[in-house]
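Student: Enclosed is the structure file data09.csv (CSV, N, CA and C atoms).
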chain,number,residue,atom,x,y,z
W,1,MET,N,76.9,106.6,114.4
W,1,MET,CA,78.3,106.4,114.5
W,1,MET,C,78.8,106.9,115.8
W,2,SER,N,79.6,106.1,116.5
W,2,SER,CA,80.1,106.6,117.8
W,2,SER,C,81.3,107.4,117.7
W,3,HIS,N,81.4,108.5,118.4
W,3,HIS,CA,82.6,109.3,118.4
W,3,HIS,C,83.5,109.0,119.6
W,4,GLY,N,84.7,109.6,119.6
W,4,GLY,CA,85.6,109.4,120.7
W,4,GLY,C,86.4,108.1,120.5
W,5,LYS,N,86.4,107.5,119.3
W,5,LYS,CA,87.3,106.5,119.1
W,5,LYS,C,87.7,106.4,117.6
W,6,VAL,N,88.8,105.7,117.4
W,6,VAL,CA,89.4,105.7,116.0
W,6,VAL,C,88.8,104.6,115.2
W,7,ILE,N,88.3,104.8,114.0
W,7,ILE,CA,87.7,103.8,113.2
W,7,ILE,C,88.7,103.3,112.1
W,8,GLN,N,88.9,102.0,112.1
W,8,GLN,CA,89.8,101.5,111.0
W,8,GLN,C,89.0,101.3,109.7
W,9,VAL,N,89.5,101.8,108.6
W,9,VAL,CA,88.8,101.7,107.4
W,9,VAL,C,89.7,101.1,106.3
W,10,ASP,N,89.3,100.1,105.6
W,10,ASP,CA,90.1,99.6,104.4
W,10,ASP,C,89.2,99.5,103.2
W,11,ASN,N,88.0,99.9,103.2
W,11,ASN,CA,87.1,99.8,102.1
W,11,ASN,C,87.0,101.3,101.5
W,12,PRO,N,87.4,101.4,100.2
W,12,PRO,CA,87.4,102.8,99.6
W,12,PRO,C,86.0,103.4,99.6
W,13,VAL,N,84.9,102.6,99.4
W,13,VAL,CA,83.6,103.2,99.4
W,13,VAL,C,83.2,103.7,100.7
W,14,ILE,N,83.4,102.9,101.8
W,14,ILE,CA,83.1,103.4,103.1
W,14,ILE,C,84.0,104.6,103.5
W,15,PHE,N,85.3,104.6,103.1
W,15,PHE,CA,86.2,105.7,103.3
W,15,PHE,C,85.6,107.0,102.7
W,16,LYS,N,85.2,106.9,101.4
W,16,LYS,CA,84.6,108.1,100.8
W,16,LYS,C,83.4,108.6,101.5
W,17,ALA,N,82.5,107.7,102.0
W,17,ALA,CA,81.3,108.1,102.7
W,17,ALA,C,81.7,108.8,104.0
W,18,LEU,N,82.7,108.3,104.7
W,18,LEU,CA,83.1,108.8,106.0
W,18,LEU,C,83.7,110.2,105.9
W,19,VAL,N,84.5,110.4,104.8
W,19,VAL,CA,85.1,111.7,104.7
W,19,VAL,C,84.3,112.8,104.0
W,20,SER,N,83.1,112.4,103.6
W,20,SER,CA,82.3,113.3,102.8
W,20,SER,C,81.7,114.4,103.5
W,21,SER,N,81.6,114.4,104.9
W,21,SER,CA,81.0,115.5,105.6
W,21,SER,C,81.7,115.7,106.9
W,22,GLY,N,81.6,116.9,107.4
W,22,GLY,CA,82.2,117.3,108.7
W,22,GLY,C,83.7,117.3,108.8
W,23,PRO,N,84.2,117.5,110.0
W,23,PRO,CA,85.7,117.4,110.2
W,23,PRO,C,86.1,116.0,110.4
W,24,VAL,N,87.2,115.6,109.6
W,24,VAL,CA,87.7,114.2,109.7
W,24,VAL,C,89.2,114.3,109.7
W,25,VAL,N,89.8,113.4,110.5
W,25,VAL,CA,91.2,113.2,110.5
W,25,VAL,C,91.5,111.8,110.1
W,26,VAL,N,92.3,111.7,109.0
W,26,VAL,CA,92.7,110.3,108.5
W,26,VAL,C,94.1,110.1,108.8
W,27,ASP,N,94.4,109.0,109.6
W,27,ASP,CA,95.7,108.6,110.0
W,27,ASP,C,96.1,107.4,109.1
W,28,PHE,N,97.0,107.7,108.1
W,28,PHE,CA,97.6,106.7,107.3
W,28,PHE,C,98.8,106.1,108.0
W,29,PHE,N,98.7,104.8,108.3
W,29,PHE,CA,99.7,104.1,109.1
W,29,PHE,C,100.1,102.8,108.5
W,30,ALA,N,101.1,102.2,109.1
W,30,ALA,CA,101.5,100.8,108.7
W,30,ALA,C,101.8,100.1,110.0
W,31,THR,N,101.5,98.8,110.1
W,31,THR,CA,101.7,98.0,111.3
W,31,THR,C,103.1,97.9,111.7
W,32,TRP,N,104.0,98.0,110.7
W,32,TRP,CA,105.5,97.9,110.9
W,32,TRP,C,106.1,99.2,111.2
W,33,CYS,N,105.3,100.3,111.3
W,33,CYS,CA,105.9,101.6,111.4
W,33,CYS,C,106.0,102.0,112.9
W,34,GLY,N,107.3,102.2,113.3
W,34,GLY,CA,107.5,102.6,114.7
W,34,GLY,C,106.9,103.9,115.2
W,35,PRO,N,107.1,105.0,114.4
W,35,PRO,CA,106.5,106.3,114.7
W,35,PRO,C,105.0,106.2,114.8
W,36,CYS,N,104.4,105.4,114.0
W,36,CYS,CA,102.9,105.3,114.0
W,36,CYS,C,102.5,104.7,115.3
W,37,LYS,N,103.2,103.7,115.8
W,37,LYS,CA,102.8,103.1,117.1
W,37,LYS,C,103.0,104.1,118.2
W,38,ALA,N,104.1,104.9,118.1
W,38,ALA,CA,104.4,105.9,119.1
W,38,ALA,C,103.4,107.0,119.3
W,39,VAL,N,102.8,107.4,118.1
W,39,VAL,CA,101.8,108.5,118.2
W,39,VAL,C,100.4,108.0,118.4
W,40,ALA,N,100.1,106.7,118.3
W,40,ALA,CA,98.8,106.1,118.4
W,40,ALA,C,98.0,106.6,119.7
W,41,PRO,N,98.7,106.5,120.9
W,41,PRO,CA,98.0,106.9,122.1
W,41,PRO,C,97.6,108.4,122.1
W,42,VAL,N,98.4,109.2,121.5
W,42,VAL,CA,98.1,110.6,121.4
W,42,VAL,C,96.9,110.9,120.5
W,43,VAL,N,96.9,110.2,119.4
W,43,VAL,CA,95.8,110.3,118.4
W,43,VAL,C,94.5,109.8,119.1
W,44,GLY,N,94.6,108.7,119.9
W,44,GLY,CA,93.5,108.2,120.6
W,44,GLY,C,92.9,109.2,121.6
W,45,LYS,N,93.8,110.0,122.3
W,45,LYS,CA,93.4,111.0,123.2
W,45,LYS,C,92.7,112.1,122.5
W,46,PHE,N,93.3,112.5,121.3
W,46,PHE,CA,92.6,113.6,120.5
W,46,PHE,C,91.2,113.2,120.1
W,47,SER,N,91.0,111.9,119.8
W,47,SER,CA,89.7,111.4,119.4
W,47,SER,C,88.7,111.5,120.6
W,48,GLU,N,89.2,111.5,121.8
W,48,GLU,CA,88.3,111.6,123.0
W,48,GLU,C,88.1,113.1,123.3
W,49,THR,N,89.1,113.9,123.0
W,49,THR,CA,89.0,115.4,123.3
W,49,THR,C,88.1,116.1,122.3
W,50,TYR,N,88.4,115.8,121.0
W,50,TYR,CA,87.7,116.5,119.9
W,50,TYR,C,86.6,115.5,119.5
W,51,THR,N,85.5,115.5,120.2
W,51,THR,CA,84.4,114.5,120.0
W,51,THR,C,83.6,114.7,118.7
W,52,GLY,N,83.7,116.0,118.2
W,52,GLY,CA,82.9,116.3,117.0
W,52,GLY,C,83.7,115.9,115.7
W,53,VAL,N,84.9,115.4,115.9
W,53,VAL,CA,85.7,115.1,114.7
W,53,VAL,C,85.7,113.6,114.5
W,54,LYS,N,85.6,113.1,113.3
W,54,LYS,CA,85.8,111.7,113.0
W,54,LYS,C,87.3,111.4,112.8
W,55,PHE,N,87.7,110.3,113.5
W,55,PHE,CA,89.1,109.9,113.4
W,55,PHE,C,89.1,108.5,112.7
W,56,LEU,N,89.8,108.5,111.5
W,56,LEU,CA,89.9,107.3,110.7
W,56,LEU,C,91.3,106.8,110.7
W,57,GLN,N,91.5,105.5,110.7
W,57,GLN,CA,92.8,104.9,110.5
W,57,GLN,C,92.8,104.1,109.2
W,58,VAL,N,93.8,104.3,108.4
W,58,VAL,CA,93.9,103.5,107.1
W,58,VAL,C,95.3,102.8,107.1
W,59,ASP,N,95.2,101.5,107.1
W,59,ASP,CA,96.4,100.7,107.0
W,59,ASP,C,96.8,100.7,105.6
W,60,VAL,N,98.0,101.3,105.3
W,60,VAL,CA,98.4,101.5,103.9
W,60,VAL,C,98.6,100.2,103.1
W,61,ASP,N,98.9,99.1,103.9
W,61,ASP,CA,99.1,97.8,103.3
W,61,ASP,C,97.8,97.1,103.0
W,62,LYS,N,96.8,97.4,103.8
W,62,LYS,CA,95.5,96.7,103.5
W,62,LYS,C,94.6,97.6,102.6
W,63,ALA,N,94.9,98.9,102.5
W,63,ALA,CA,94.1,99.7,101.7
W,63,ALA,C,94.9,100.5,100.7
W,64,ARG,N,95.6,99.7,99.9
W,64,ARG,CA,96.5,100.4,98.9
W,64,ARG,C,95.9,101.4,98.1
W,65,SER,N,94.7,101.2,97.6
W,65,SER,CA,94.0,102.1,96.6
W,65,SER,C,93.8,103.5,97.3
W,66,ILE,N,93.4,103.4,98.6
W,66,ILE,CA,93.1,104.7,99.3
W,66,ILE,C,94.5,105.4,99.5
W,67,ALA,N,95.5,104.7,99.9
W,67,ALA,CA,96.8,105.3,100.1
W,67,ALA,C,97.4,105.9,98.8
W,68,GLN,N,97.2,105.2,97.7
W,68,GLN,CA,97.7,105.7,96.4
W,68,GLN,C,96.9,106.9,96.0
W,69,GLU,N,95.6,106.9,96.2
W,69,GLU,CA,94.8,108.0,95.8
W,69,GLU,C,95.3,109.3,96.5
W,70,HIS,N,95.7,109.1,97.7
W,70,HIS,CA,96.2,110.3,98.5
W,70,HIS,C,97.7,110.5,98.4
W,71,GLN,N,98.3,109.7,97.6
W,71,GLN,CA,99.8,109.8,97.3
W,71,GLN,C,100.6,109.8,98.6
W,72,ILE,N,100.3,108.8,99.5
W,72,ILE,CA,101.0,108.7,100.8
W,72,ILE,C,102.4,108.1,100.5
W,73,ARG,N,103.4,108.8,101.0
W,73,ARG,CA,104.8,108.4,100.8
W,73,ARG,C,105.5,108.1,102.1
W,74,ALA,N,104.9,108.5,103.2
W,74,ALA,CA,105.6,108.3,104.5
W,74,ALA,C,104.5,108.0,105.5
W,75,MET,N,104.9,107.3,106.5
W,75,MET,CA,104.0,107.0,107.6
W,75,MET,C,104.6,107.6,108.9
W,76,PRO,N,103.8,108.1,109.8
W,76,PRO,CA,102.3,108.3,109.5
W,76,PRO,C,102.1,109.6,108.8
W,77,THR,N,101.1,109.6,108.0
W,77,THR,CA,100.6,110.9,107.3
W,77,THR,C,99.2,111.1,107.8
W,78,PHE,N,98.9,112.3,108.2
W,78,PHE,CA,97.6,112.7,108.6
W,78,PHE,C,97.0,113.6,107.6
W,79,VAL,N,95.9,113.2,107.0
W,79,VAL,CA,95.2,114.1,106.1
W,79,VAL,C,93.9,114.5,106.8
W,80,LEU,N,93.7,115.9,106.8
W,80,LEU,CA,92.5,116.4,107.4
W,80,LEU,C,91.5,116.9,106.4
W,81,TYR,N,90.3,116.5,106.7
W,81,TYR,CA,89.2,116.9,105.8
W,81,TYR,C,88.2,117.8,106.5
W,82,LYS,N,87.7,118.8,105.7
W,82,LYS,CA,86.6,119.6,106.2
W,82,LYS,C,85.5,119.6,105.1
W,83,ASP,N,84.4,119.2,105.5
W,83,ASP,CA,83.2,119.1,104.6
W,83,ASP,C,83.5,118.5,103.3
W,84,GLY,N,84.2,117.3,103.4
W,84,GLY,CA,84.4,116.5,102.2
W,84,GLY,C,85.7,116.9,101.4
W,85,LYS,N,86.3,118.0,101.8
W,85,LYS,CA,87.5,118.4,101.0
W,85,LYS,C,88.8,118.2,101.9
W,86,PRO,N,89.8,117.6,101.3
W,86,PRO,CA,91.1,117.4,102.1
W,86,PRO,C,91.8,118.8,102.1
W,87,LEU,N,92.4,119.1,103.2
W,87,LEU,CA,93.2,120.3,103.3
W,87,LEU,C,94.5,120.1,102.6
W,88,ASP,N,95.0,121.1,102.0
W,88,ASP,CA,96.3,121.0,101.3
W,88,ASP,C,97.4,120.7,102.3
W,89,LYS,N,97.3,121.2,103.5
W,89,LYS,CA,98.3,121.0,104.4
W,89,LYS,C,98.1,119.7,105.2
W,90,ARG,N,99.0,118.8,105.1
W,90,ARG,CA,98.9,117.5,105.8
W,90,ARG,C,100.1,117.4,106.8
W,91,VAL,N,99.9,116.6,107.8
W,91,VAL,CA,100.9,116.4,108.8
W,91,VAL,C,101.6,115.1,108.5
W,92,VAL,N,102.9,115.2,108.2
W,92,VAL,CA,103.7,114.0,107.9
W,92,VAL,C,104.6,113.8,109.1
W,93,GLY,N,104.6,112.6,109.6
W,93,GLY,CA,105.4,112.3,110.8
W,93,GLY,C,104.7,112.5,112.1
W,94,GLY,N,105.4,112.4,113.2
W,94,GLY,CA,104.8,112.4,114.5
W,94,GLY,C,104.7,113.8,115.2
W,95,ASN,N,104.5,114.8,114.4
W,95,ASN,CA,104.4,116.2,115.0
W,95,ASN,C,102.9,116.4,115.6
W,96,MET,N,102.7,116.0,116.8
W,96,MET,CA,101.4,116.0,117.4
W,96,MET,C,100.9,117.4,117.7
W,97,LYS,N,101.8,118.4,117.9
W,97,LYS,CA,101.4,119.8,118.1
W,97,LYS,C,100.8,120.3,116.8
W,98,GLU,N,101.5,120.0,115.7
W,98,GLU,CA,101.0,120.4,114.4
W,98,GLU,C,99.7,119.7,114.0
W,99,LEU,N,99.5,118.5,114.4
W,99,LEU,CA,98.3,117.8,114.2
W,99,LEU,C,97.1,118.4,114.9
W,100,GLU,N,97.4,118.8,116.2
W,100,GLU,CA,96.4,119.4,117.0
W,100,GLU,C,96.0,120.7,116.4
W,101,GLU,N,96.9,121.5,116.0
W,101,GLU,CA,96.6,122.8,115.3
W,101,GLU,C,95.7,122.6,114.1
W,102,GLY,N,96.0,121.5,113.3
W,102,GLY,CA,95.2,121.2,112.2
W,102,GLY,C,93.8,120.8,112.6
W,103,ILE,N,93.7,120.0,113.6
W,103,ILE,CA,92.3,119.6,114.1
W,103,ILE,C,91.6,120.9,114.5
W,104,LYS,N,92.2,121.8,115.2
W,104,LYS,CA,91.5,123.0,115.6
W,104,LYS,C,91.1,123.8,114.4
W,105,SER,N,91.9,123.8,113.3
W,105,SER,CA,91.5,124.5,112.1
W,105,SER,C,90.3,124.0,111.4
W,106,ILE,N,90.1,122.6,111.5
W,106,ILE,CA,88.9,122.0,110.8
W,106,ILE,C,87.6,122.1,111.6
W,107,ILE,N,87.8,122.4,112.9
W,107,ILE,CA,86.5,122.6,113.7
W,107,ILE,C,86.2,124.0,113.9
W,108,ALA,N,87.1,124.9,113.4
W,108,ALA,CA,86.8,126.4,113.6
W,108,ALA,C,85.7,126.8,112.7
Could you render the structure as structure tokens?

Tutor:
Amino acid sequence: MSHGKVIQVDNPVIFKALVSSGPVVVDFFATWCGPCKAVAPVVGKFSETYTGVKFLQVDVDKARSIAQEHQIRAMPTFVLYKDGKPLDKRVVGGNMKELEEGIKSIIA
């Protein structure tokens, strides 16, 4: 699997496999969501900076079951995983400073 780019996932089985190990950032977004578009370039930059982290994008309209399982209520929502476990603390909205702090916490 290549790093340094964001992988779009809409299959729950593939999603589970991808989040099962290592540090992972999941960006729950919607194509119609303005703030999601606004933060996308920053998330892309993070994926190049933090090459040891997997960055996944989940379109909540295409992957309803994954979004429901994570109880996503607002876009964008970033769920961070470490070794297969989602952190309790998630980043809701476009706070990129908070997201970067979260990324640093899962690679520590």

Student: Name the closest residue to W:Val26 among the candidates W:Gln68, W:Thr49, W:Thr77, W:Asn95; distances are taken between atoms, counting only C-alpha atoms.

Tutor: W:Thr77

Student: Counting all atoms listed in the file, which of W:Pro41, W:Gly52, W:Pro76, W:Gly84 gets nearest to W:Ile107?

Tutor: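 Ranking W:Pro41, W:Gly52, W:Pro76, W:Gly84 by distance to W:Ile107, first place goes to W:Gly52.
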
Student: Could you pull out the residues in chain W that DSSP calls strand (DSSP E) from the backbone, as JSON, numbers by chain?

Tutor: {"W": [6, 7, 8, 23, 24, 25, 26, 27, 28, 29, 54, 55, 56, 57, 58, 59, 77, 78, 79, 80, 81, 82, 85, 86, 91, 92]}

Student: If you count all atoms listed in the file, which residues fall within 6 Å of W:Glu48, apart from same-chain ones fewer than 3 positions away, as a PyMOL selection string?

Tutor: chain W and resi 4-5+44-45+51

Student: Quick check, in Å to one decimal: how far apart do atom C of W:Val79 and atom N of W:Leu56 lie?

Tutor: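 These atoms are spaced 8.7 Å apart.
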
Student: One number please: atom N of W:Arg73 to atom C of W:Phe29, in Å, one decimal.

Tutor: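 Taking atom N of W:Arg73 and atom C of W:Phe29, their separation equals 10.2 Å.
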
Student: What are the DSSP helix (DSSP H, G or I) residues of stretch 14-47 of chain W, as a list in words?

Tutor: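 The residues of stretch 14-47 of chain W classed as helix (DSSP H, G or I) are Ile14, Phe15, Lys16, Ala17, Leu18, Val19, Gly34, Pro35, Cys36, Lys37, Ala38, Val39, Ala40, Pro41, Val42, Val43, Gly44, Lys45, Phe46 and Ser47 of chain W.
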
Student: Hey, can you check how far atom N of W:Val92 sits from atom CA of W:Ala108?

Tutor: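 We find that atom N of W:Val92 and atom CA of W:Ala108 lie 20.3 Å from each other.
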
Student: Give me the residues within 7 Å of W:Pro23 as a ChimeraX atom specification, counting all atoms listed in the file and dropping any in the same chain fewer than 3 places off.

Tutor: /W:52-55,80-84,106-107

Student: Could you check the closest approach to W:Gln57 for each of W:Ala38, W:Leu87, W:Val43, W:Val13 and tell me which residue wins, using only C-alpha atoms?

Tutor: W:Val43

Student: Using only C-alpha atoms, give me every residue within 12 Å of (104.6, 114.2, 114.4) in file coordinates, as a list in words.

Tutor: Asp27, Gly34, Pro35, Cys36, Lys37, Ala38, Val39, Ala40, Val42, Val43, Ala74, Met75, Pro76, Thr77, Phe78, Arg90, Val91, Val92, Gly93, Gly94, Asn95, Met96, Lys97, Glu98, Leu99, Glu100, Glu101 and Gly102 of chain W

Student: I'd like the contact shell of W:Pro12 - 7 Å cut-off, all atoms listed in the file, skipping same-chain residues fewer than 5 positions apart - returned as a list in words.

Tutor: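 Counting all atoms listed in the file, the residues come to Ala17, Ser65 and Ile66 of chain W.
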